[in-house]
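Undergrad: This structure is in structure tokens; I'll ask about it shortly.
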Amino acid sequence: MKSDARADIISEKSDRVVTRTVTFRGTVQGVGFRPTVAKLARRFGIVGQVRNMGGLVQIVVTDTKERIDAFVRLIEENKPPAANIVRVDIQTIDTVRFRDFTIARSGKLENEAAVIPSDIAVCENCLREFYDEKNPRYQHPFISCADCGPRFTVMERLPYDRDTTTMDDFEMCDFCAREYAENGDRRFHAQTISCHACGPMPRWFSAEEAVDAPDRAMREAICALRRGGVVAIKGVGGYYFACSPFDAAAVRKIREIKIREEKPFAVLFRDVYAVRDYCAVGEAEAELLRSPARPIVLLEQTSKDDCTIKSLDAGVCNNSRFVGAFLPSMGLQYLLLDAVGPLVMTSANLSDLPIIRADDVMQTLVSQDRRVAGMLYNERRIIVSVDDSVLRVIAGAPQMIRRAKGCTPTPVFIRNAETLTASDQIFATGGQLKSAFSLSKGNFAYMSQHLGDLDSIESEDAYLENFRRMKQFFDIEPGLVVCDMHPRYYTTKFAEEYARTARVELLRVQHHHAHTASVMAEHGLQGPVVGVSFDGTGYGTDGKIWGGEILICEGAEFGRYAHLRYVRLIGGDASMQAGWKSALSHVLSRANSPKNETDDARVFDVDISRIIAYSEREGTLDEFGRQRPQIEAAIRAGVNTVESSSMGRLFDGVASLLGIHHVNRYEGECAILLENAAAAAMEHPGADEACDLALGFHRTVAAAILAQCEGARAAHKTSTVALSGGVFQNKILMEETLALLRAHDFETYCNIAVPPNDGGIALGQNYIGMKYKEK
């Protein structure tokens, strides 16, 4: 060990006094860990030092073994709220004498798995100062301390120090510098510390003028919002488009700008009490809303009798029965909400392109598109674009829908892959839709933020940029690349090219196996596990399109126990948008069914005969009657069709058969509206036949899952079930299925840390890669 300026090697031996290094692994940087250790050391009378080492924190202390052990316990019991200690390593070294306890200069550790802090919402202590007129940081838009503020989005490299973040662009004033250096202060070594005198401040830009004065910039933005304007507002991970959720014209204007006709918008509320004016909020939902990640939480809308409460414009949520609600993560947002009330806040991107983070790009858009009244920005650079995370509560537990701000890049610790070392490094490329990749070092799997659908050059560029950044950030050189089996995915081609140029092994993993493996990774399951994997599409080992799968998974291996009966879907990928094509395909395929004896797997079906009878009686597909003869001929001949076992396409088809919705204007719309109809039947049974049939369909699918799991249990002697795939974002189906399985003594597991949709399959791929390397 290199000597610190305040330490020297003791030559004499002591029977009681020893020097030990204590290394803390986990989320220990950027969460106020070093300042907390320094405060506790002073209180406990411990001498030594603490410093960042790569992505870890290491302390060196000299004292008796008993007092050192007690000090470590004190740290574990009093760690900062956002800290998460995964492991503590203690080693005795040559004795070192210290005069006091200091925070030493950061160092490096070779080939260690680091944990980078996610962005943390403004804390309660900072908020109290924010609203205290006597406090120097009264209404400072970017107030923060050692316990809160931006982290991942402003970090340029490890370790997490002032000079490795974009806050290094702002020189601290004397007031902030004193707090930064004072042991005992809440901002002791708070890397994002700033105030009105030295930090980033709001600025305004519009096609007419640029305003640098912070107070006037805020007034311009507030006035524009009050007038029904759309304002681009710079957040932690990129820009938002904002407007009043009560103004129909403003909401329509954002839809026109984003080219987003129907997909619901999120709404930013000041606090949970404001959310309760519009949504049902239980304890679990309130906890998610207030959590440091400040995710968007999907909440069921409620009707209010209070006529003093404004109604959200119908165009905010459109046909969804949920409101995507979230709370402020920074002082700037509190200033806006205090002035104008709730706001639509949606990512500033055009259609499905990446979110805008660069000030010059947004200035160009504002200059060219007069529908945007102006932009409220600041000069703190955003290093990486990150959307808001999205979660919901299902069966009393959180379910991740989109993993992004506040969650990325905190790794998933794979408990049952502990034989791997830091030299075992894997790159899992993920899927094509809702894309995210994973890089792992040892048994730490780092998930990228949600990167969206890879259907544009811009999205592909964002994928490459983030891969290069995270690879460099965590010092990872993959020795194994894992990808999906689909030959046309961008991620598959990227994996093939990377493996070829880097000369490393490439492992192809079946899509639905990866879904189930993502649950196994989260919960430390080895297997055998019954994997129920339901989604819209995935490339099967037989070259067909899978999506209604019952798998038996263990380690890196899987077998196909059963699948939904194959049908011939007309139009290939085009059927994903046209629910009516799925409907006709399911109806007509029953008379012209493809052979299902292509493997040893069992075939199961979902009875929709009553739904077909209803459709024929009510003429729900009459408007597509002209296409029926051609579609029937194509299905009979197998022309322009794909054989599919997709449960997602069955949900689309049933929505169309019941006349609920015929075309997906955004992914999953037909299925979402089918679930809405089922929810209506739960609330008012017997009021509408189509809704009653929709609910019956959900319960029939849940019963089919139970039946297949019962068969798998008998055949494979396991009661462990993992539910994954985009279909299980359906709240009614998930809760019905969980209730049935638990009532029949199954141990059920589902995704929590990553989404059940394709945003989570990179974790499953990575887990399979780990098990492959172990074997």
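Please note that chains go A, B, ... in the order of the structure tokens, that every chain numbers its residues from 1, and that ligands are numbered from 1 in the order shown.
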Neighbouring residues of Asp163 (chain A) were defined as those with any atom within 12 Å, considering only C-alpha atoms; residues of the same chain fewer than 2 positions away were excluded. Please report them as a PDB file with all heavy atoms, in the first residue's frame.

TA:
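Output file selection.pdb follows:
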ATOM      1  N   ARG A 105      -7.569  10.894  -1.568  1.00  0.00           N
ATOM      2  CA  ARG A 105      -7.725  10.973  -3.026  1.00  0.00           C
ATOM      3  C   ARG A 105      -8.109   9.600  -3.585  1.00  0.00           C
ATOM      4  O   ARG A 105      -7.605   8.575  -3.150  1.00  0.00           O
ATOM      5  CB  ARG A 105      -6.432  11.462  -3.667  1.00  0.00           C
ATOM      6  CG  ARG A 105      -6.490  11.559  -5.186  1.00  0.00           C
ATOM      7  CD  ARG A 105      -5.214  12.167  -5.738  1.00  0.00           C
ATOM      8  NE  ARG A 105      -5.057  13.547  -5.305  1.00  0.00           N
ATOM      9  CZ  ARG A 105      -4.020  14.315  -5.635  1.00  0.00           C
ATOM     10  NH1 ARG A 105      -3.056  13.823  -6.389  1.00  0.00           N
ATOM     11  NH2 ARG A 105      -3.950  15.557  -5.197  1.00  0.00           N
ATOM     12  N   SER A 106      -8.988   9.610  -4.562  1.00  0.00           N
ATOM     13  CA  SER A 106      -9.477   8.355  -5.145  1.00  0.00           C
ATOM     14  C   SER A 106      -8.362   7.607  -5.847  1.00  0.00           C
ATOM     15  O   SER A 106      -7.427   8.199  -6.381  1.00  0.00           O
ATOM     16  CB  SER A 106     -10.607   8.645  -6.137  1.00  0.00           C
ATOM     17  OG  SER A 106     -11.716   9.238  -5.484  1.00  0.00           O
ATOM     18  N   VAL A 154     -24.510  12.477 -15.409  1.00  0.00           N
ATOM     19  CA  VAL A 154     -23.483  13.530 -15.477  1.00  0.00           C
ATOM     20  C   VAL A 154     -22.072  12.967 -15.330  1.00  0.00           C
ATOM     21  O   VAL A 154     -21.106  13.723 -15.383  1.00  0.00           O
ATOM     22  CB  VAL A 154     -23.722  14.619 -14.410  1.00  0.00           C
ATOM     23  CG1 VAL A 154     -25.045  15.322 -14.646  1.00  0.00           C
ATOM     24  CG2 VAL A 154     -23.642  14.061 -12.988  1.00  0.00           C
ATOM     25  N   MET A 155     -21.952  11.642 -15.172  1.00  0.00           N
ATOM     26  CA  MET A 155     -20.631  11.049 -14.968  1.00  0.00           C
ATOM     27  C   MET A 155     -19.921  10.803 -16.295  1.00  0.00           C
ATOM     28  O   MET A 155     -20.496  10.235 -17.213  1.00  0.00           O
ATOM     29  CB  MET A 155     -20.750   9.732 -14.211  1.00  0.00           C
ATOM     30  CG  MET A 155     -21.150   9.894 -12.758  1.00  0.00           C
ATOM     31  SD  MET A 155     -21.284   8.297 -11.917  1.00  0.00           S
ATOM     32  CE  MET A 155     -19.569   7.787 -11.913  1.00  0.00           C
ATOM     33  N   GLU A 156     -18.666  11.227 -16.352  1.00  0.00           N
ATOM     34  CA  GLU A 156     -17.859  10.994 -17.550  1.00  0.00           C
ATOM     35  C   GLU A 156     -16.968   9.763 -17.399  1.00  0.00           C
ATOM     36  O   GLU A 156     -16.591   9.149 -18.398  1.00  0.00           O
ATOM     37  CB  GLU A 156     -17.015  12.230 -17.849  1.00  0.00           C
ATOM     38  CG  GLU A 156     -17.874  13.453 -18.168  1.00  0.00           C
ATOM     39  CD  GLU A 156     -17.077  14.624 -18.689  1.00  0.00           C
ATOM     40  OE1 GLU A 156     -16.367  15.255 -17.900  1.00  0.00           O
ATOM     41  OE2 GLU A 156     -17.181  14.908 -19.905  1.00  0.00           O
ATOM     42  N   ARG A 157     -16.630   9.414 -16.163  1.00  0.00           N
ATOM     43  CA  ARG A 157     -15.792   8.236 -15.911  1.00  0.00           C
ATOM     44  C   ARG A 157     -15.809   7.939 -14.415  1.00  0.00           C
ATOM     45  O   ARG A 157     -16.295   8.736 -13.616  1.00  0.00           O
ATOM     46  CB  ARG A 157     -14.346   8.470 -16.382  1.00  0.00           C
ATOM     47  CG  ARG A 157     -13.642   9.611 -15.684  1.00  0.00           C
ATOM     48  CD  ARG A 157     -12.290   9.935 -16.294  1.00  0.00           C
ATOM     49  NE  ARG A 157     -11.607  11.018 -15.567  1.00  0.00           N
ATOM     50  CZ  ARG A 157     -11.883  12.295 -15.728  1.00  0.00           C
ATOM     51  NH1 ARG A 157     -12.821  12.678 -16.597  1.00  0.00           N
ATOM     52  NH2 ARG A 157     -11.234  13.210 -15.028  1.00  0.00           N
ATOM     53  N   LEU A 158     -15.282   6.784 -14.051  1.00  0.00           N
ATOM     54  CA  LEU A 158     -15.115   6.419 -12.647  1.00  0.00           C
ATOM     55  C   LEU A 158     -13.745   6.882 -12.164  1.00  0.00           C
ATOM     56  O   LEU A 158     -12.822   7.043 -12.971  1.00  0.00           O
ATOM     57  CB  LEU A 158     -15.221   4.898 -12.497  1.00  0.00           C
ATOM     58  CG  LEU A 158     -16.626   4.300 -12.542  1.00  0.00           C
ATOM     59  CD1 LEU A 158     -16.537   2.780 -12.591  1.00  0.00           C
ATOM     60  CD2 LEU A 158     -17.447   4.746 -11.354  1.00  0.00           C
ATOM     61  N   PRO A 159     -13.580   7.099 -10.836  1.00  0.00           N
ATOM     62  CA  PRO A 159     -14.597   7.010  -9.792  1.00  0.00           C
ATOM     63  C   PRO A 159     -15.477   8.261  -9.769  1.00  0.00           C
ATOM     64  O   PRO A 159     -15.208   9.230 -10.479  1.00  0.00           O
ATOM     65  CB  PRO A 159     -13.762   6.892  -8.516  1.00  0.00           C
ATOM     66  CG  PRO A 159     -12.527   7.663  -8.823  1.00  0.00           C
ATOM     67  CD  PRO A 159     -12.224   7.402 -10.289  1.00  0.00           C
ATOM     68  N   TYR A 160     -16.504   8.245  -8.948  1.00  0.00           N
ATOM     69  CA  TYR A 160     -17.440   9.358  -8.874  1.00  0.00           C
ATOM     70  C   TYR A 160     -16.855  10.469  -8.000  1.00  0.00           C
ATOM     71  O   TYR A 160     -16.880  10.397  -6.774  1.00  0.00           O
ATOM     72  CB  TYR A 160     -18.777   8.872  -8.314  1.00  0.00           C
ATOM     73  CG  TYR A 160     -19.787   9.990  -8.107  1.00  0.00           C
ATOM     74  CD1 TYR A 160     -20.366  10.616  -9.194  1.00  0.00           C
ATOM     75  CD2 TYR A 160     -20.157  10.391  -6.834  1.00  0.00           C
ATOM     76  CE1 TYR A 160     -21.284  11.634  -9.020  1.00  0.00           C
ATOM     77  CE2 TYR A 160     -21.080  11.403  -6.645  1.00  0.00           C
ATOM     78  CZ  TYR A 160     -21.636  12.025  -7.738  1.00  0.00           C
ATOM     79  OH  TYR A 160     -22.541  13.035  -7.564  1.00  0.00           O
ATOM     80  N   ASP A 161     -16.292  11.466  -8.657  1.00  0.00           N
ATOM     81  CA  ASP A 161     -15.742  12.648  -7.988  1.00  0.00           C
ATOM     82  C   ASP A 161     -16.171  13.881  -8.781  1.00  0.00           C
ATOM     83  O   ASP A 161     -16.650  13.781  -9.914  1.00  0.00           O
ATOM     84  CB  ASP A 161     -14.204  12.586  -7.920  1.00  0.00           C
ATOM     85  CG  ASP A 161     -13.715  11.562  -6.898  1.00  0.00           C
ATOM     86  OD1 ASP A 161     -14.227  11.562  -5.764  1.00  0.00           O
ATOM     87  OD2 ASP A 161     -12.828  10.760  -7.253  1.00  0.00           O
ATOM     88  N   THR A 165     -17.311  14.487 -13.310  1.00  0.00           N
ATOM     89  CA  THR A 165     -18.691  14.771 -13.699  1.00  0.00           C
ATOM     90  C   THR A 165     -18.753  16.104 -14.441  1.00  0.00           C
ATOM     91  O   THR A 165     -17.801  16.896 -14.408  1.00  0.00           O
ATOM     92  CB  THR A 165     -19.620  14.858 -12.472  1.00  0.00           C
ATOM     93  OG1 THR A 165     -19.364  16.080 -11.773  1.00  0.00           O
ATOM     94  CG2 THR A 165     -19.414  13.680 -11.545  1.00  0.00           C
ATOM     95  N   THR A 166     -19.884  16.368 -15.059  1.00  0.00           N
ATOM     96  CA  THR A 166     -20.049  17.646 -15.767  1.00  0.00           C
ATOM     97  C   THR A 166     -20.215  18.810 -14.796  1.00  0.00           C
ATOM     98  O   THR A 166     -20.192  19.973 -15.224  1.00  0.00           O
ATOM     99  CB  THR A 166     -21.264  17.600 -16.711  1.00  0.00           C
ATOM    100  OG1 THR A 166     -22.455  17.313 -15.960  1.00  0.00           O
ATOM    101  CG2 THR A 166     -21.078  16.527 -17.772  1.00  0.00           C
ATOM    102  N   MET A 167     -20.341  18.546 -13.497  1.00  0.00           N
ATOM    103  CA  MET A 167     -20.346  19.628 -12.511  1.00  0.00           C
ATOM    104  C   MET A 167     -18.980  20.278 -12.379  1.00  0.00           C
ATOM    105  O   MET A 167     -18.847  21.369 -11.808  1.00  0.00           O
ATOM    106  CB  MET A 167     -20.822  19.114 -11.150  1.00  0.00           C
ATOM    107  CG  MET A 167     -22.315  18.840 -11.071  1.00  0.00           C
ATOM    108  SD  MET A 167     -23.337  20.288 -11.450  1.00  0.00           S
ATOM    109  CE  MET A 167     -22.900  21.388 -10.109  1.00  0.00           C
ATOM    110  N   ASP A 168     -17.965  19.628 -12.920  1.00  0.00           N
ATOM    111  CA  ASP A 168     -16.622  20.223 -12.912  1.00  0.00           C
ATOM    112  C   ASP A 168     -16.571  21.494 -13.771  1.00  0.00           C
ATOM    113  O   ASP A 168     -15.644  22.290 -13.655  1.00  0.00           O
ATOM    114  CB  ASP A 168     -15.598  19.201 -13.419  1.00  0.00           C
ATOM    115  CG  ASP A 168     -14.165  19.610 -13.122  1.00  0.00           C
ATOM    116  OD1 ASP A 168     -13.916  20.100 -12.003  1.00  0.00           O
ATOM    117  OD2 ASP A 168     -13.314  19.454 -14.004  1.00  0.00           O
ATOM    118  N   ASP A 169     -17.588  21.664 -14.645  1.00  0.00           N
ATOM    119  CA  ASP A 169     -17.669  22.892 -15.463  1.00  0.00           C
ATOM    120  C   ASP A 169     -18.014  24.113 -14.615  1.00  0.00           C
ATOM    121  O   ASP A 169     -17.859  25.252 -15.077  1.00  0.00           O
ATOM    122  CB  ASP A 169     -18.749  22.741 -16.547  1.00  0.00           C
ATOM    123  CG  ASP A 169     -18.438  21.620 -17.534  1.00  0.00           C
ATOM    124  OD1 ASP A 169     -17.273  21.180 -17.584  1.00  0.00           O
ATOM    125  OD2 ASP A 169     -19.364  21.189 -18.239  1.00  0.00           O
ATOM    126  N   PHE A 170     -18.486  23.889 -13.388  1.00  0.00           N
ATOM    127  CA  PHE A 170     -18.938  24.987 -12.532  1.00  0.00           C
ATOM    128  C   PHE A 170     -18.022  25.082 -11.315  1.00  0.00           C
ATOM    129  O   PHE A 170     -18.012  24.180 -10.472  1.00  0.00           O
ATOM    130  CB  PHE A 170     -20.387  24.759 -12.083  1.00  0.00           C
ATOM    131  CG  PHE A 170     -21.348  24.610 -13.223  1.00  0.00           C
ATOM    132  CD1 PHE A 170     -21.636  23.340 -13.731  1.00  0.00           C
ATOM    133  CD2 PHE A 170     -21.952  25.706 -13.802  1.00  0.00           C
ATOM    134  CE1 PHE A 170     -22.519  23.183 -14.775  1.00  0.00           C
ATOM    135  CE2 PHE A 170     -22.833  25.561 -14.856  1.00  0.00           C
ATOM    136  CZ  PHE A 170     -23.113  24.302 -15.353  1.00  0.00           C
ATOM    137  N   GLU A 171     -17.255  26.172 -11.200  1.00  0.00           N
ATOM    138  CA  GLU A 171     -16.348  26.351 -10.071  1.00  0.00           C
ATOM    139  C   GLU A 171     -17.143  26.702  -8.819  1.00  0.00           C
ATOM    140  O   GLU A 171     -18.010  27.581  -8.836  1.00  0.00           O
ATOM    141  CB  GLU A 171     -15.341  27.451 -10.367  1.00  0.00           C
ATOM    142  CG  GLU A 171     -14.289  27.622  -9.294  1.00  0.00           C
ATOM    143  CD  GLU A 171     -13.239  28.664  -9.653  1.00  0.00           C
ATOM    144  OE1 GLU A 171     -13.264  29.149 -10.798  1.00  0.00           O
ATOM    145  OE2 GLU A 171     -12.424  28.996  -8.768  1.00  0.00           O
ATOM    146  N   MET A 172     -16.867  26.000  -7.738  1.00  0.00           N
ATOM    147  CA  MET A 172     -17.596  26.246  -6.495  1.00  0.00           C
ATOM    148  C   MET A 172     -17.275  27.626  -5.931  1.00  0.00           C
ATOM    149  O   MET A 172     -16.113  28.063  -5.944  1.00  0.00           O
ATOM    150  CB  MET A 172     -17.239  25.178  -5.455  1.00  0.00           C
ATOM    151  CG  MET A 172     -17.951  23.858  -5.620  1.00  0.00           C
ATOM    152  SD  MET A 172     -17.596  22.694  -4.282  1.00  0.00           S
ATOM    153  CE  MET A 172     -16.048  21.999  -4.856  1.00  0.00           C
ATOM    154  N   HIS A 189     -18.236  16.589   0.720  1.00  0.00           N
ATOM    155  CA  HIS A 189     -17.916  15.810  -0.477  1.00  0.00           C
ATOM    156  C   HIS A 189     -19.154  15.471  -1.304  1.00  0.00           C
ATOM    157  O   HIS A 189     -19.256  14.387  -1.891  1.00  0.00           O
ATOM    158  CB  HIS A 189     -17.144  14.535  -0.105  1.00  0.00           C
ATOM    159  CG  HIS A 189     -15.665  14.767   0.009  1.00  0.00           C
ATOM    160  ND1 HIS A 189     -14.759  14.375  -0.941  1.00  0.00           N
ATOM    161  CD2 HIS A 189     -14.936  15.403   0.967  1.00  0.00           C
ATOM    162  CE1 HIS A 189     -13.547  14.728  -0.578  1.00  0.00           C
ATOM    163  NE2 HIS A 189     -13.617  15.359   0.587  1.00  0.00           N
ATOM    164  N   ALA A 190     -20.095  16.398  -1.369  1.00  0.00           N
ATOM    165  CA  ALA A 190     -21.249  16.255  -2.260  1.00  0.00           C
ATOM    166  C   ALA A 190     -20.839  16.775  -3.634  1.00  0.00           C
ATOM    167  O   ALA A 190     -20.679  17.978  -3.829  1.00  0.00           O
ATOM    168  CB  ALA A 190     -22.441  17.038  -1.717  1.00  0.00           C
ATOM    169  N   GLN A 191     -20.691  15.867  -4.598  1.00  0.00           N
ATOM    170  CA  GLN A 191     -20.059  16.227  -5.866  1.00  0.00           C
ATOM    171  C   GLN A 191     -20.921  17.160  -6.728  1.00  0.00           C
ATOM    172  O   GLN A 191     -20.403  17.882  -7.571  1.00  0.00           O
ATOM    173  CB  GLN A 191     -19.703  14.961  -6.657  1.00  0.00           C
ATOM    174  CG  GLN A 191     -18.935  13.925  -5.859  1.00  0.00           C
ATOM    175  CD  GLN A 191     -17.665  14.450  -5.221  1.00  0.00           C
ATOM    176  OE1 GLN A 191     -17.106  15.464  -5.640  1.00  0.00           O
ATOM    177  NE2 GLN A 191     -17.204  13.784  -4.164  1.00  0.00           N
ATOM    178  N   THR A 192     -22.247  17.145  -6.536  1.00  0.00           N
ATOM    179  CA  THR A 192     -23.120  18.010  -7.346  1.00  0.00           C
ATOM    180  C   THR A 192     -23.496  19.291  -6.607  1.00  0.00           C
ATOM    181  O   THR A 192     -24.430  19.991  -7.006  1.00  0.00           O
ATOM    182  CB  THR A 192     -24.405  17.258  -7.751  1.00  0.00           C
ATOM    183  OG1 THR A 192     -25.079  16.788  -6.578  1.00  0.00           O
ATOM    184  CG2 THR A 192     -24.081  16.085  -8.662  1.00  0.00           C
TER     185      THR A 192
END

Undergrad: As an MDAnalysis selection string, which residues of region 178-321 of chain A does DSSP assign to helix (DSSP H, G or I)?

TA: chainID A and resid 178:181 214:226 248:258 272:275 283:290 314:317

Undergrad: Ranking A:Phe24, A:Tyr767, A:Phe322, A:Tyr772 by minimum distance to Ser438 (chain A) and counting only C-alpha atoms, which one comes first?

TA: A:Tyr767

Undergrad: Might you pull out every residue within 6 Å of Asp535 (chain A), with only C-alpha atoms counted and same-chain residues fewer than 4 positions away left off, and present them as a list of chain:residue names?

TA: A:Gly547, A:Met647, A:Gly648, A:Gly725, A:Gly726, A:Val727

Undergrad: Limited to N, CA, C and O atoms, could you put the picked residues into a file as a short mmCIF file (atom, residue, chain, number, x, y, z; two decimals), in the first residue's frame?

TA:
data_model
loop_
_atom_site.label_atom_id
_atom_site.label_comp_id
_atom_site.auth_asym_id
_atom_site.auth_seq_id
_atom_site.Cartn_x
_atom_site.Cartn_y
_atom_site.Cartn_z
N GLY A 547 -44.46 -17.81 -29.23
CA GLY A 547 -45.01 -16.73 -28.40
C GLY A 547 -46.01 -17.20 -27.36
O GLY A 547 -46.47 -16.40 -26.56
N MET A 647 -49.17 -15.95 -28.27
CA MET A 647 -50.29 -15.58 -27.41
C MET A 647 -50.64 -14.11 -27.59
O MET A 647 -51.81 -13.72 -27.51
N GLY A 648 -49.63 -13.27 -27.84
CA GLY A 648 -49.90 -11.85 -28.06
C GLY A 648 -50.79 -11.60 -29.25
O GLY A 648 -51.71 -10.76 -29.20
N GLY A 725 -42.55 -12.36 -20.30
CA GLY A 725 -43.03 -12.03 -21.64
C GLY A 725 -44.00 -10.87 -21.57
O GLY A 725 -44.68 -10.64 -20.56
N GLY A 726 -44.10 -10.12 -22.66
CA GLY A 726 -44.90 -8.91 -22.67
C GLY A 726 -46.36 -9.09 -22.35
O GLY A 726 -47.02 -8.17 -21.84
N VAL A 727 -46.93 -10.28 -22.62
CA VAL A 727 -48.35 -10.53 -22.31
C VAL A 727 -48.61 -10.38 -20.81
O VAL A 727 -49.70 -9.99 -20.39
#

Undergrad: Skipping near chain neighbours, those fewer than 6 positions away, what residues fall within 12 Å of His486 (chain A) using only C-alpha atoms, listed as a ChimeraX atom specification?

TA: /A:430-432,492-493,495-496,508-512,537-546

Undergrad: Select from region 254-362 of chain A every residue with an atom at most 10 Å from any atom of region 76-98 of chain A, then for each give the shortest pair of atoms and their distance in Å to one decimal, using only C-alpha atoms, rows by chain and rising number, as JSON lines.

TA:
{"residue": "A:Ser291", "atom": "CA", "partner": "A:Ala82", "partner_atom": "CA", "distance": 9.9}
{"residue": "A:Pro292", "atom": "CA", "partner": "A:Ala82", "partner_atom": "CA", "distance": 7.7}
{"residue": "A:Ala293", "atom": "CA", "partner": "A:Ala82", "partner_atom": "CA", "distance": 9.9}

Undergrad: What does the structure give for the distance between CA of Asn416 (chain A) and CA of Ala517 (chain A), in Å to one decimal?

TA: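 CA of Asn416 (chain A) sits 12.3 Å away from CA of Ala517 (chain A).
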
Undergrad: Determine, counting only C-alpha atoms, which protein, DNA and RNA residues have an atom within 9 Å of an atom of region 301-303 of chain A; residues of the same chain fewer than 3 positions away are not included. Present the result as number ranges by chain.

TA: A: 276-280, 320-323

Undergrad: Save the residues we just selected, N, CA, C and O atoms, as a tab-separated table (two decimals), in the first residue's frame?

TA:
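Wrote it out as part25.tsv, contents follow:
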chain	number	residue	atom	x	y	z
A	276	ARG	N	-53.76	11.66	-5.89
A	276	ARG	CA	-54.99	11.01	-5.42
A	276	ARG	C	-56.26	11.72	-5.90
A	276	ARG	O	-57.35	11.14	-5.82
A	277	ASP	N	-56.13	12.95	-6.38
A	277	ASP	CA	-57.30	13.62	-6.95
A	277	ASP	C	-57.76	12.96	-8.25
A	277	ASP	O	-58.90	13.16	-8.68
A	278	TYR	N	-56.86	12.18	-8.86
A	278	TYR	CA	-57.16	11.61	-10.18
A	278	TYR	C	-57.01	10.10	-10.25
A	278	TYR	O	-57.50	9.48	-11.19
A	279	CYS	N	-56.29	9.51	-9.30
A	279	CYS	CA	-55.93	8.09	-9.41
A	279	CYS	C	-56.12	7.37	-8.08
A	279	CYS	O	-56.08	7.99	-7.01
A	280	ALA	N	-56.27	6.06	-8.18
A	280	ALA	CA	-56.28	5.21	-6.99
A	280	ALA	C	-54.83	4.93	-6.59
A	280	ALA	O	-54.06	4.39	-7.38
A	320	SER	N	-56.75	4.60	-22.47
A	320	SER	CA	-56.18	3.84	-21.36
A	320	SER	C	-56.95	4.12	-20.06
A	320	SER	O	-57.35	5.26	-19.81
A	321	ARG	N	-57.12	3.10	-19.24
A	321	ARG	CA	-57.75	3.32	-17.95
A	321	ARG	C	-56.73	3.72	-16.89
A	321	ARG	O	-57.07	3.93	-15.72
A	322	PHE	N	-55.47	3.81	-17.30
A	322	PHE	CA	-54.39	4.16	-16.38
A	322	PHE	C	-53.86	5.58	-16.66
A	322	PHE	O	-53.87	6.04	-17.80
A	323	VAL	N	-53.40	6.22	-15.61
A	323	VAL	CA	-52.63	7.46	-15.72
A	323	VAL	C	-51.19	7.13	-15.38
A	323	VAL	O	-50.91	6.49	-14.36

Undergrad: Contacts between region 611-619 of chain A and region 686-714 of chain A, please, where a residue of region 686-714 of chain A counts if it comes within 10 Å (with only C-alpha atoms); show its shortest atom pair and distance in Å to one decimal, rows by chain and ascending number, as a tab-separated table.

TA:
residue	atom	partner	partner_atom	distance
A:Glu689	CA	A:Tyr614	CA	8.8
A:Ala690	CA	A:Tyr614	CA	8.1
A:Leu693	CA	A:Ile611	CA	6.7
A:Ala694	CA	A:Ile611	CA	8.5
A:Gly696	CA	A:Ile611	CA	9.6
A:Phe697	CA	A:Ile611	CA	8.5

Undergrad: Mind dumping the selected residues with N, CA, C and O atoms as a short mmCIF file (atom, residue, chain, number, x, y, z; two decimals), in the first residue's frame?

TA:
data_model
loop_
_atom_site.label_atom_id
_atom_site.label_comp_id
_atom_site.auth_asym_id
_atom_site.auth_seq_id
_atom_site.Cartn_x
_atom_site.Cartn_y
_atom_site.Cartn_z
N GLU A 689 -72.03 -7.68 -23.20
CA GLU A 689 -71.64 -9.05 -23.54
C GLU A 689 -70.19 -9.13 -23.99
O GLU A 689 -69.46 -10.07 -23.62
N ALA A 690 -69.76 -8.17 -24.81
CA ALA A 690 -68.37 -8.19 -25.29
C ALA A 690 -67.39 -8.09 -24.13
O ALA A 690 -66.37 -8.79 -24.10
N LEU A 693 -67.29 -11.40 -22.29
CA LEU A 693 -66.49 -12.37 -23.05
C LEU A 693 -65.00 -12.06 -22.94
O LEU A 693 -64.17 -12.98 -22.89
N ALA A 694 -64.65 -10.78 -22.90
CA ALA A 694 -63.24 -10.39 -22.74
C ALA A 694 -62.70 -10.89 -21.40
O ALA A 694 -61.59 -11.43 -21.31
N GLY A 696 -63.96 -13.37 -19.63
CA GLY A 696 -63.93 -14.83 -19.71
C GLY A 696 -62.70 -15.33 -20.44
O GLY A 696 -62.11 -16.35 -20.05
N PHE A 697 -62.28 -14.62 -21.48
CA PHE A 697 -61.07 -15.00 -22.22
C PHE A 697 -59.84 -14.94 -21.32
O PHE A 697 -59.01 -15.86 -21.31
#

Undergrad: Counting only C-alpha atoms, figure out which residue out of A:Ala181, A:Ile233, A:Val344, A:Ile570 gets nearest to Asp247 (chain A).

TA: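 Of all the options, A:Val344 lies closest to Asp247 (chain A).
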
Undergrad: Report, in Å with one decimal, the straight-line distance from CA of Thr516 (chain A) to CA of Glu554 (chain A).

TA: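 If I compute the distance from CA of Thr516 (chain A) to CA of Glu554 (chain A), I get 10.2 Å.
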
Undergrad: Hey, what's within 8 Å of Val519 (chain A) if we count only C-alpha atoms and toss same-chain stuff fewer than 2 positions away? As JSON, numbers by chain, please?

TA: {"A": [515, 516, 517, 521, 522, 523, 525, 722, 723, 724, 749, 750, 751, 764]}
